[in-house]
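Structure below is query_33.cif: mmCIF, C-alpha atoms and all ligand atoms.
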```
data_upload
loop_
_atom_site.label_atom_id
_atom_site.label_comp_id
_atom_site.auth_asym_id
_atom_site.auth_seq_id
_atom_site.Cartn_x
_atom_site.Cartn_y
_atom_site.Cartn_z
CA MET A 15 46.44 205.38 139.60
CA LYS A 16 48.37 206.69 142.55
CA ILE A 17 52.09 206.11 142.04
CA LEU A 18 54.76 206.80 144.65
CA VAL A 19 58.13 207.54 143.07
CA THR A 20 61.24 207.38 145.26
CA GLY A 21 64.17 209.47 144.04
CA GLY A 22 61.76 211.67 142.09
CA ALA A 23 63.98 214.76 142.41
CA GLY A 24 66.80 212.92 140.65
CA PHE A 25 67.88 212.73 137.04
CA ILE A 26 65.93 209.71 135.76
CA ALA A 27 62.96 209.56 138.13
CA SER A 28 62.08 213.27 137.75
CA HIS A 29 61.41 212.57 134.06
CA ILE A 30 59.32 209.53 135.05
CA VAL A 31 57.29 211.71 137.42
CA ASP A 32 56.62 214.15 134.57
CA ARG A 33 55.42 211.34 132.30
CA TYR A 34 53.18 209.71 134.93
CA LEU A 35 51.55 213.09 135.60
CA GLN A 36 51.06 213.68 131.85
CA LEU A 37 49.33 210.30 131.67
CA GLY A 38 46.88 211.38 134.37
CA HIS A 39 48.31 209.46 137.33
CA GLN A 40 48.48 210.97 140.81
CA VAL A 41 52.13 211.12 141.83
CA VAL A 42 53.81 211.27 145.23
CA VAL A 43 57.58 211.83 145.44
CA ILE A 44 59.96 210.78 148.20
CA ASP A 45 63.51 212.14 148.01
CA ASN A 46 66.14 213.30 150.54
CA LEU A 47 67.62 215.75 147.99
CA SER A 48 71.11 214.32 148.53
CA THR A 49 71.86 214.30 144.80
CA GLY A 50 68.40 215.26 143.51
CA ARG A 51 67.45 218.87 142.95
CA ARG A 52 64.39 220.85 143.97
CA THR A 53 64.27 222.35 140.48
CA ASN A 54 63.63 218.86 139.07
CA LEU A 55 60.51 218.45 141.21
CA ASN A 56 57.24 218.66 139.34
CA PRO A 57 54.93 220.93 141.38
CA ALA A 58 51.94 218.77 140.44
CA ALA A 59 53.39 215.90 142.51
CA ARG A 60 53.17 215.87 146.31
CA PHE A 61 56.71 215.96 147.68
CA TYR A 62 58.04 214.45 150.92
CA GLU A 63 61.62 215.28 151.84
CA VAL A 64 62.31 211.97 153.52
CA ASP A 65 65.24 209.55 153.63
CA ILE A 66 64.49 205.95 152.66
CA THR A 67 66.76 204.76 155.48
CA ASP A 68 64.30 206.29 157.98
CA ALA A 69 61.84 203.40 158.34
CA ASP A 70 59.31 205.26 160.49
CA ALA A 71 59.16 208.29 158.21
CA ILE A 72 58.74 206.06 155.14
CA ALA A 73 55.96 204.09 156.84
CA GLU A 74 54.17 207.36 157.68
CA VAL A 75 54.24 208.56 154.08
CA PHE A 76 52.90 205.22 152.81
CA ALA A 77 50.16 205.17 155.47
CA ALA A 78 49.10 208.72 154.56
CA GLU A 79 49.26 208.26 150.77
CA GLN A 80 48.22 204.62 150.21
CA PRO A 81 49.86 204.32 146.78
CA GLU A 82 48.85 201.54 144.38
CA ILE A 83 52.18 201.40 142.55
CA VAL A 84 55.70 202.17 143.77
CA ASN A 85 58.45 203.21 141.39
CA HIS A 86 61.70 202.86 143.30
CA HIS A 87 64.63 204.93 142.05
CA ALA A 88 66.10 206.43 145.26
CA ALA A 89 69.60 205.07 145.70
CA GLN A 90 73.20 205.98 146.27
CA MET A 91 74.35 205.46 142.69
CA ASP A 92 78.01 206.47 142.80
CA VAL A 93 80.15 203.40 142.00
CA ARG A 94 83.31 205.05 143.36
CA ARG A 95 81.62 205.99 146.63
CA SER A 96 80.40 202.41 146.97
CA VAL A 97 84.02 201.21 146.70
CA ASP A 98 85.14 203.70 149.38
CA GLU A 99 82.06 203.40 151.62
CA PRO A 100 80.45 199.98 151.09
CA ILE A 101 78.48 200.20 154.33
CA PHE A 102 76.91 203.53 153.39
CA ASP A 103 76.09 202.05 149.98
CA ALA A 104 74.46 198.93 151.46
CA HIS A 105 72.62 200.97 154.07
CA THR A 106 70.99 203.20 151.46
CA ASN A 107 70.49 200.69 148.67
CA VAL A 108 69.63 197.54 150.63
CA ILE A 109 68.21 198.71 153.97
CA GLY A 110 66.53 201.72 152.36
CA SER A 111 64.94 199.48 149.74
CA LEU A 112 63.78 197.05 152.44
CA ASN A 113 62.07 199.97 154.19
CA VAL A 114 60.30 200.86 150.95
CA ILE A 115 59.29 197.22 150.29
CA GLY A 116 58.16 196.75 153.91
CA SER A 117 55.96 199.85 153.81
CA ALA A 118 54.58 198.79 150.42
CA LEU A 119 53.57 195.43 151.92
CA GLN A 120 51.96 197.19 154.89
CA VAL A 121 49.58 199.25 152.77
CA GLY A 122 48.87 196.65 150.07
CA VAL A 123 50.78 198.17 147.13
CA GLU A 124 50.08 196.15 143.96
CA LYS A 125 53.43 196.46 142.27
CA ILE A 126 56.97 197.81 142.61
CA ILE A 127 58.93 198.92 139.56
CA TYR A 128 62.60 198.82 140.51
CA ALA A 129 65.51 200.61 138.82
CA SER A 130 68.34 198.12 138.80
CA THR A 131 71.57 198.29 136.85
CA GLY A 132 72.72 196.25 133.91
CA GLY A 133 75.90 198.31 133.79
CA ALA A 134 77.18 197.18 137.19
CA ILE A 135 75.88 193.69 137.97
CA TYR A 136 77.14 191.44 135.16
CA GLY A 137 80.85 192.22 135.66
CA GLU A 138 83.20 191.65 132.71
CA LEU A 139 81.04 189.99 130.07
CA ASP A 140 81.38 186.37 128.93
CA TYR A 141 79.47 187.33 125.80
CA SER A 142 78.14 190.57 124.40
CA PRO A 143 75.53 191.93 124.31
CA ALA A 144 74.66 190.27 127.64
CA ASP A 145 71.10 189.14 128.19
CA GLU A 146 69.40 188.69 131.57
CA GLU A 147 70.68 185.09 131.82
CA HIS A 148 74.30 186.24 131.86
CA PRO A 149 76.11 185.30 135.13
CA ILE A 150 75.90 187.97 137.84
CA ARG A 151 79.41 188.97 138.96
CA PRO A 152 79.33 192.56 140.22
CA LEU A 153 82.70 194.28 140.48
CA SER A 154 81.59 196.98 142.93
CA PRO A 155 79.60 197.16 146.17
CA TYR A 156 77.04 199.23 144.21
CA GLY A 157 76.46 196.35 141.78
CA ILE A 158 76.02 193.97 144.71
CA SER A 159 73.59 196.21 146.59
CA LYS A 160 71.45 196.94 143.53
CA HIS A 161 71.26 193.25 142.64
CA THR A 162 70.46 192.18 146.21
CA VAL A 163 67.16 194.07 146.09
CA GLU A 164 66.09 192.02 143.06
CA HIS A 165 66.18 188.91 145.30
CA TYR A 166 64.00 190.58 147.95
CA LEU A 167 61.48 191.54 145.28
CA TYR A 168 61.34 187.97 144.01
CA LEU A 169 60.96 186.72 147.59
CA TYR A 170 58.12 189.06 148.53
CA GLN A 171 56.26 188.29 145.36
CA TYR A 172 56.56 184.61 146.26
CA LEU A 173 55.65 185.08 149.93
CA GLU A 174 53.19 187.97 149.83
CA GLY A 175 52.09 188.37 146.23
CA LEU A 176 53.65 191.83 145.84
CA ASP A 177 54.18 192.14 142.08
CA PHE A 178 57.33 193.65 140.61
CA THR A 179 59.17 194.52 137.42
CA VAL A 180 62.93 195.00 137.54
CA LEU A 181 64.44 197.26 134.87
CA ARG A 182 68.20 196.82 134.53
CA TYR A 183 69.39 200.02 132.89
CA ALA A 184 72.51 200.34 130.82
CA ASN A 185 74.28 203.75 131.06
CA VAL A 186 71.51 206.31 131.09
CA TYR A 187 72.22 209.81 129.75
CA GLY A 188 70.18 212.90 128.96
CA PRO A 189 68.96 216.26 130.26
CA ARG A 190 69.08 216.75 134.08
CA GLN A 191 71.97 214.33 134.56
CA ASN A 192 74.32 215.77 137.17
CA PRO A 193 77.46 217.04 135.38
CA HIS A 194 79.34 217.47 138.67
CA GLY A 195 79.24 213.86 139.83
CA GLU A 196 81.53 210.91 139.18
CA ALA A 197 79.14 209.15 136.80
CA GLY A 198 77.46 210.31 133.64
CA VAL A 199 80.21 210.90 131.17
CA VAL A 200 78.03 212.69 128.59
CA ALA A 201 76.97 215.34 131.12
CA ILE A 202 80.44 215.64 132.65
CA PHE A 203 82.20 216.04 129.30
CA GLY A 204 79.46 218.35 128.03
CA LYS A 205 79.66 220.69 131.02
CA GLN A 206 83.46 220.83 130.95
CA MET A 207 83.68 221.35 127.19
CA LEU A 208 81.09 224.16 127.26
CA ALA A 209 83.20 225.83 129.97
CA GLY A 210 86.35 225.39 127.85
CA GLN A 211 87.88 222.94 130.37
CA GLN A 212 89.75 219.81 129.35
CA PRO A 213 87.84 216.61 130.24
CA THR A 214 89.71 213.58 131.59
CA ILE A 215 89.22 210.10 130.16
CA PHE A 216 89.91 207.38 132.73
CA GLY A 217 91.71 204.55 130.94
CA ASP A 218 92.80 204.79 127.30
CA GLY A 219 89.37 205.65 125.87
CA THR A 220 88.69 202.18 124.48
CA ASP A 221 86.38 201.11 127.34
CA THR A 222 82.86 200.69 126.00
CA ARG A 223 79.39 201.24 127.43
CA ASP A 224 75.82 200.91 126.25
CA TYR A 225 74.24 204.39 126.30
CA VAL A 226 70.45 204.61 126.59
CA PHE A 227 68.60 207.92 126.45
CA VAL A 228 66.55 208.95 129.49
CA GLY A 229 63.39 209.40 127.38
CA ASP A 230 63.60 205.75 126.34
CA VAL A 231 64.05 204.74 129.99
CA VAL A 232 60.95 206.76 130.89
CA LYS A 233 58.97 204.87 128.26
CA ALA A 234 60.02 201.55 129.85
CA ASN A 235 58.77 202.81 133.22
CA GLN A 236 55.49 203.82 131.61
CA LEU A 237 55.02 200.36 130.04
CA ALA A 238 56.04 198.55 133.25
CA VAL A 239 52.98 199.92 135.06
CA GLU A 240 50.86 197.48 133.06
CA ALA A 241 53.31 194.83 131.82
CA GLY A 242 56.36 192.77 132.81
CA SER A 243 54.82 191.18 135.89
CA GLY A 244 57.48 189.34 137.94
CA GLN A 245 60.11 189.92 135.24
CA ILE A 246 63.62 191.34 134.94
CA CYS A 247 64.41 193.22 131.72
CA ASN A 248 67.51 194.95 130.44
CA ILE A 249 66.78 198.47 129.20
CA SER A 250 69.56 199.09 126.74
CA THR A 251 70.54 199.51 123.11
CA ALA A 252 72.94 196.55 122.65
CA VAL A 253 75.39 199.00 121.04
CA ALA A 254 78.87 199.31 122.56
CA THR A 255 80.25 202.85 122.31
CA SER A 256 83.77 203.75 123.44
CA VAL A 257 84.47 206.63 125.81
CA GLN A 258 86.61 208.14 123.05
CA GLU A 259 83.60 208.10 120.67
CA ILE A 260 81.51 209.83 123.33
CA PHE A 261 84.26 212.41 123.80
CA ASP A 262 84.41 213.06 120.05
CA THR A 263 80.62 213.37 119.66
CA VAL A 264 80.24 215.69 122.65
CA ALA A 265 83.16 217.78 121.33
CA GLU A 266 81.48 218.05 117.93
CA VAL A 267 78.10 219.21 119.25
CA SER A 268 79.60 221.54 121.89
CA GLY A 269 82.21 223.06 119.57
CA TYR A 270 85.13 221.98 121.79
CA GLN A 271 88.43 222.01 119.89
CA GLY A 272 90.81 220.62 122.52
CA LYS A 273 92.09 217.11 123.21
CA ALA A 274 91.20 214.84 126.14
CA GLY A 275 93.41 214.35 129.19
CA TYR A 276 94.03 210.75 130.21
CA ALA A 277 94.26 209.21 133.70
CA PRO A 278 94.46 205.61 134.98
CA ALA A 279 91.24 203.53 134.96
CA ARG A 280 89.36 203.54 138.27
CA PRO A 281 88.47 200.59 140.53
CA GLY A 282 84.87 199.42 140.19
CA ASP A 283 84.64 200.23 136.49
CA VAL A 284 84.09 197.34 134.09
CA ARG A 285 85.94 197.57 130.77
CA HIS A 286 83.10 196.69 128.44
CA ASN A 287 79.35 196.61 128.67
CA ALA A 288 76.56 196.16 126.14
CA LEU A 289 73.19 194.63 126.94
CA ASP A 290 70.61 192.75 124.94
CA SER A 291 67.08 194.15 125.38
CA THR A 292 65.13 191.54 123.38
CA LYS A 293 63.25 190.54 126.52
CA ALA A 294 62.00 194.09 127.07
CA GLN A 295 60.87 194.15 123.44
CA GLN A 296 58.95 190.91 123.90
CA LEU A 297 57.44 191.56 127.34
CA LEU A 298 57.06 195.34 127.48
CA ASP A 299 56.87 196.10 123.77
CA TRP A 300 59.80 198.43 124.42
CA ALA A 301 62.66 199.35 122.11
CA PRO A 302 65.17 202.20 122.27
CA GLN A 303 64.29 205.02 119.86
CA MET A 304 66.81 207.81 120.36
CA PRO A 305 69.92 207.83 118.13
CA LEU A 306 73.02 208.51 120.26
CA SER A 307 74.19 211.64 118.42
CA GLU A 308 70.72 213.21 118.71
CA GLY A 309 70.45 212.32 122.41
CA ILE A 310 73.89 213.81 123.04
CA ALA A 311 72.89 216.99 121.20
CA LEU A 312 69.75 217.28 123.39
CA THR A 313 71.87 216.79 126.51
CA VAL A 314 74.41 219.43 125.49
CA ASP A 315 71.55 221.86 124.63
CA TYR A 316 70.17 221.32 128.13
CA LEU A 317 73.58 221.95 129.72
CA ARG A 318 73.99 225.10 127.65
CA GLU A 319 70.62 226.48 128.75
CA SER A 320 70.55 225.33 132.39
CA LYS A 321 72.67 226.73 135.19
CA ILE A 322 73.61 223.36 136.70
N1 LIG B 1 72.17 206.87 135.72
C1 LIG B 1 72.37 205.64 135.28
O1 LIG B 1 73.06 205.42 134.27
C2 LIG B 1 71.74 204.46 135.99
C3 LIG B 1 72.01 203.17 135.49
C4 LIG B 1 71.44 202.08 136.14
C5 LIG B 1 70.62 202.26 137.22
N2 LIG B 1 70.39 203.52 137.70
C6 LIG B 1 69.52 203.66 138.86
O2 LIG B 1 68.53 204.63 138.61
C7 LIG B 1 68.20 205.30 139.82
C8 LIG B 1 68.26 206.81 139.63
O3 LIG B 1 69.56 207.19 139.25
P1 LIG B 1 69.92 208.62 138.69
O4 LIG B 1 70.98 208.45 137.68
O5 LIG B 1 68.68 209.35 138.34
O6 LIG B 1 70.64 209.27 139.96
P2 LIG B 1 70.23 210.51 140.88
O7 LIG B 1 71.31 210.58 141.93
O8 LIG B 1 69.96 211.70 140.08
O9 LIG B 1 68.87 210.02 141.52
C9 LIG B 1 68.79 209.38 142.78
C10 LIG B 1 67.79 210.15 143.62
O10 LIG B 1 67.61 209.45 144.85
C11 LIG B 1 67.71 210.40 145.91
N3 LIG B 1 68.22 209.69 147.08
C12 LIG B 1 69.47 209.21 147.25
N4 LIG B 1 69.57 208.64 148.46
C13 LIG B 1 68.35 208.76 149.05
C14 LIG B 1 67.84 208.39 150.31
N5 LIG B 1 68.61 207.77 151.24
N6 LIG B 1 66.54 208.68 150.60
C15 LIG B 1 65.76 209.32 149.69
N7 LIG B 1 66.20 209.72 148.50
C16 LIG B 1 67.49 209.44 148.17
C17 LIG B 1 68.63 211.48 145.42
O11 LIG B 1 68.47 212.73 146.08
C18 LIG B 1 68.25 211.56 143.95
O12 LIG B 1 67.21 212.48 143.74
C19 LIG B 1 69.14 204.77 140.89
O13 LIG B 1 68.46 203.75 141.61
C20 LIG B 1 70.27 204.15 140.10
O14 LIG B 1 70.88 203.07 140.80
C21 LIG B 1 70.94 204.63 137.10
#
```
Exercise: express the given structure as structure tokens:
Amino acid sequence: MKILVTGGAGFIASHIVDRYLQLGHQVVVIDNLSTGRRTNLNPAARFYEVDITDADAIAEVFAAEQPEIVNHHAAQMDVRRSVDEPIFDAHTNVIGSLNVIGSALQVGVEKIIYASTGGAIYGELDYSPADEEHPIRPLSPYGISKHTVEHYLYLYQYLEGLDFTVLRYANVYGPRQNPHGEAGVVAIFGKQMLAGQQPTIFGDGTDTRDYVFVGDVVKANQLAVEAGSGQICNISTAVATSVQEIFDTVAEVSGYQGKAGYAPARPGDVRHNALDSTKAQQLLDWAPQMPLSEGIALTVDYLRESKI
């Protein structure tokens, strides 16, 4: 099949591109390289350096390539930036996604697989782990913009028959995650510890997250090509891990001996998050495989070997 992957120079989607190519699909990548890196690009995929907010350029790529499936990962994914610049966030994540959906409709794409977030749309949890029926109460513009696109996908399936699967990721970690950004605590701590710098924990270290390895996320994107029609699935482990536990595990595998620095919690961050992925098990036959300590070791190995 021909699959167009937006954000394919980024952390998660570059791994998805690699897997789709391994499986024998033809892959086209759209990315503006704002946070993605050229070194992540698989040379076997055709690459268009295009911004999803440029409707005409997106339409041209779709007209030229005529993809059958779209895997949509391009987004501004910095929660803090969304708090500071909500209009930029909405422009990229909502308007950009509408450009992608509009072009997909124009050329008769069969299905869109959409990377949503389970970490940022449920807000503080009423119960844990949260399933897909949990109330949606985003606490950041990012959570709002990512969730909004889910409604458009539902609408265009209803109106135009464009199929979709929404994957709501927990906190994804693994090789190629940007260690210089605001998000991605495993990569950030790993990079700093390897350089002998003291990492900062925002809050008191007791905040918890659900950490899912990028290889497991890739598998969900593989399965969603054939399954999960019209469905929304959490992609998560249901295990709540504290920031302090992450700090301690990264310190152990990187050989860091120092203590953490502590700073006040930041706006936009929820205190606790863990997500139930039973639905993905039932509909996609997906389950997380990677143990956290092993996934962290693989991530630290990557940081040690790469120059990023
Ligand atoms: N990392 C996580 O824990 C996580 C959790 C939930 C959801 N997600 C979603 O997964 C997707 C990928 O995230 P990631 O962690 O790989 O981040 P990333 O920043 O590495 O990937 C995003 C990619 O999109 C590209 N991009 C950004 N704005 C663009 C634009 N206007 N036009 C074209 N390309 C653009 C970037 O250059 C980058 O390559 C995002 O949609 C994000 O919301 C990530």
Requested in this report: Around ligand LIG 1 (chain B), at most 6 Å away and counting all atoms listed in the file, which residues are there? Put them as an MDAnalysis selection string, please.
Outcome: chainID A and resid 21:27 45:50 64:67 87:91 106 129:131 183:186
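Minimum distance to Ala197 in chain A across A:Val284, A:Ile310, A:Val93, A:Val123 (counting all atoms listed in the file) occurs at A:Val93.
Taking CA of Ala58 in chain A and CA of Phe178 in chain A as endpoints, the distance between them is 25.7 Å.
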Report task. Using all atoms listed in the file, find the one residue out of A:Ala288, A:Ile72, A:Val108, A:Ala201 that sits nearest to Ile260 in chain A. Result ->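 The answer is A:Ala201, which sits nearest to Ile260 in chain A.
Distances from A:His161, A:Val228, A:Ser111, A:Tyr34 to Arg190 in chain A were compared using all atoms listed in the file, and the smallest one belongs to A:Val228.
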Report task. Can you pull out every residue within 9 Å of range 270-283 of chain A, counting all atoms listed in the file, but drop anything in the same chain fewer than 6 positions away, and send it as a PyMOL selection string? Result -> chain A and resi 93-94+96-97+134+137+152-156+207-208+210-219+258+261+264
Requested in this report: Up to 10 Å from (66.3, 207.7, 124.6) in the file's coordinates: name the residues, counting only C-alpha atoms, as a ChimeraX atom specification.
Outcome: /A:186-188,225-233,250-251,301-306,308-310
What would the file look like if the residues just selected were written as a CSV table (one decimal), in the frame of the given file with C-alpha atoms?
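Final output, saved to result_34.csv:
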```csv
chain,number,residue,atom,x,y,z
A,186,VAL,CA,71.5,206.3,131.1
A,187,TYR,CA,72.2,209.8,129.8
A,188,GLY,CA,70.2,212.9,129.0
A,225,TYR,CA,74.2,204.4,126.3
A,226,VAL,CA,70.4,204.6,126.6
A,227,PHE,CA,68.6,207.9,126.4
A,228,VAL,CA,66.6,209.0,129.5
A,229,GLY,CA,63.4,209.4,127.4
A,230,ASP,CA,63.6,205.8,126.3
A,231,VAL,CA,64.0,204.7,130.0
A,232,VAL,CA,61.0,206.8,130.9
A,233,LYS,CA,59.0,204.9,128.3
A,250,SER,CA,69.6,199.1,126.7
A,251,THR,CA,70.5,199.5,123.1
A,301,ALA,CA,62.7,199.4,122.1
A,302,PRO,CA,65.2,202.2,122.3
A,303,GLN,CA,64.3,205.0,119.9
A,304,MET,CA,66.8,207.8,120.4
A,305,PRO,CA,69.9,207.8,118.1
A,306,LEU,CA,73.0,208.5,120.3
A,308,GLU,CA,70.7,213.2,118.7
A,309,GLY,CA,70.4,212.3,122.4
A,310,ILE,CA,73.9,213.8,123.0
```
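CA of Leu312 in chain A lies 9.5 Å from CA of Val267 in chain A.
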Report task. Could you give me, as a list of chain:residue names, the residues within 12 Å of Leu35 in chain A, counting all atoms listed in the file and dropping anything in the same chain fewer than 5 positions from it? Result ->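 The residues satisfying every condition are A:Met15, A:Lys16, A:Ile17, A:Leu18, A:Val19, A:Ser28, A:His29, A:Ile30, A:Gln40, A:Val41, A:Val42, A:Val43, A:Leu55, A:Asn56, A:Pro57, A:Ala58, A:Ala59, A:Arg60, A:Gln236.
The nearest approach to His105 in chain A among the residues A:Cys247, A:Val163, A:Ala252, A:Leu169, with all atoms listed in the file taken into account, belongs to A:Val163.
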Requested in this report: Using CA of Val199 in chain A and CA of Asn107 in chain A as the two end points, give the distance in Å to one decimal.
Outcome: 22.5 Å
Could you pull the residues within 7 Å of Asp177 in chain A, counting all atoms listed in the file, minus those fewer than 2 positions along the same chain, as an mmCIF file with C-alpha atoms, in the frame of the given file?
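The result, written out as part.cif:
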```cif
data_model
loop_
_atom_site.group_PDB
_atom_site.id
_atom_site.type_symbol
_atom_site.label_atom_id
_atom_site.label_comp_id
_atom_site.auth_asym_id
_atom_site.auth_seq_id
_atom_site.Cartn_x
_atom_site.Cartn_y
_atom_site.Cartn_z
ATOM 1 C CA GLU A 124 50.080 196.150 143.960
ATOM 2 C CA LYS A 125 53.430 196.460 142.270
ATOM 3 C CA ILE A 126 56.970 197.810 142.610
ATOM 4 C CA GLN A 171 56.260 188.290 145.360
ATOM 5 C CA GLY A 175 52.090 188.370 146.230
ATOM 6 C CA SER A 243 54.820 191.180 135.890
ATOM 7 C CA GLY A 244 57.480 189.340 137.940
#
```
So which residues touch Thr222 in chain A within 7 Å, counting all atoms listed in the file, skipping near sequence neighbours fewer than 3 positions away, as a compact mmCIF listing (two decimals) with C-alpha atoms, in the coordinates of the input?
```txt
# COMPACT_ATOMS: atom_id res chain seq x y z
CA ALA A 254 78.87 199.31 122.56
CA THR A 255 80.25 202.85 122.31
CA SER A 256 83.77 203.75 123.44
CA VAL A 257 84.47 206.63 125.81
CA ARG A 285 85.94 197.57 130.77
CA HIS A 286 83.10 196.69 128.44
CA ASN A 287 79.35 196.61 128.67
```
**Report entry** Top pick for closest residue to Ala311 in chain A, considering A:Leu37, A:Val84, A:Ala69, A:Ala265 and counting only C-alpha atoms
**Finding:** A:Ala265
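When all atoms listed in the file are used to measure the gap to Asn192 in chain A, the shortest distance among A:Ile44, A:Ile135, A:Leu317, A:Leu289 belongs to A:Leu317.
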Requested in this report: Might you pull out every residue within 8 Å of Leu119 in chain A, with only C-alpha atoms counted and same-chain residues fewer than 4 positions away left off, and present them as a ChimeraX atom specification?
Outcome: /A:115,123,174,176
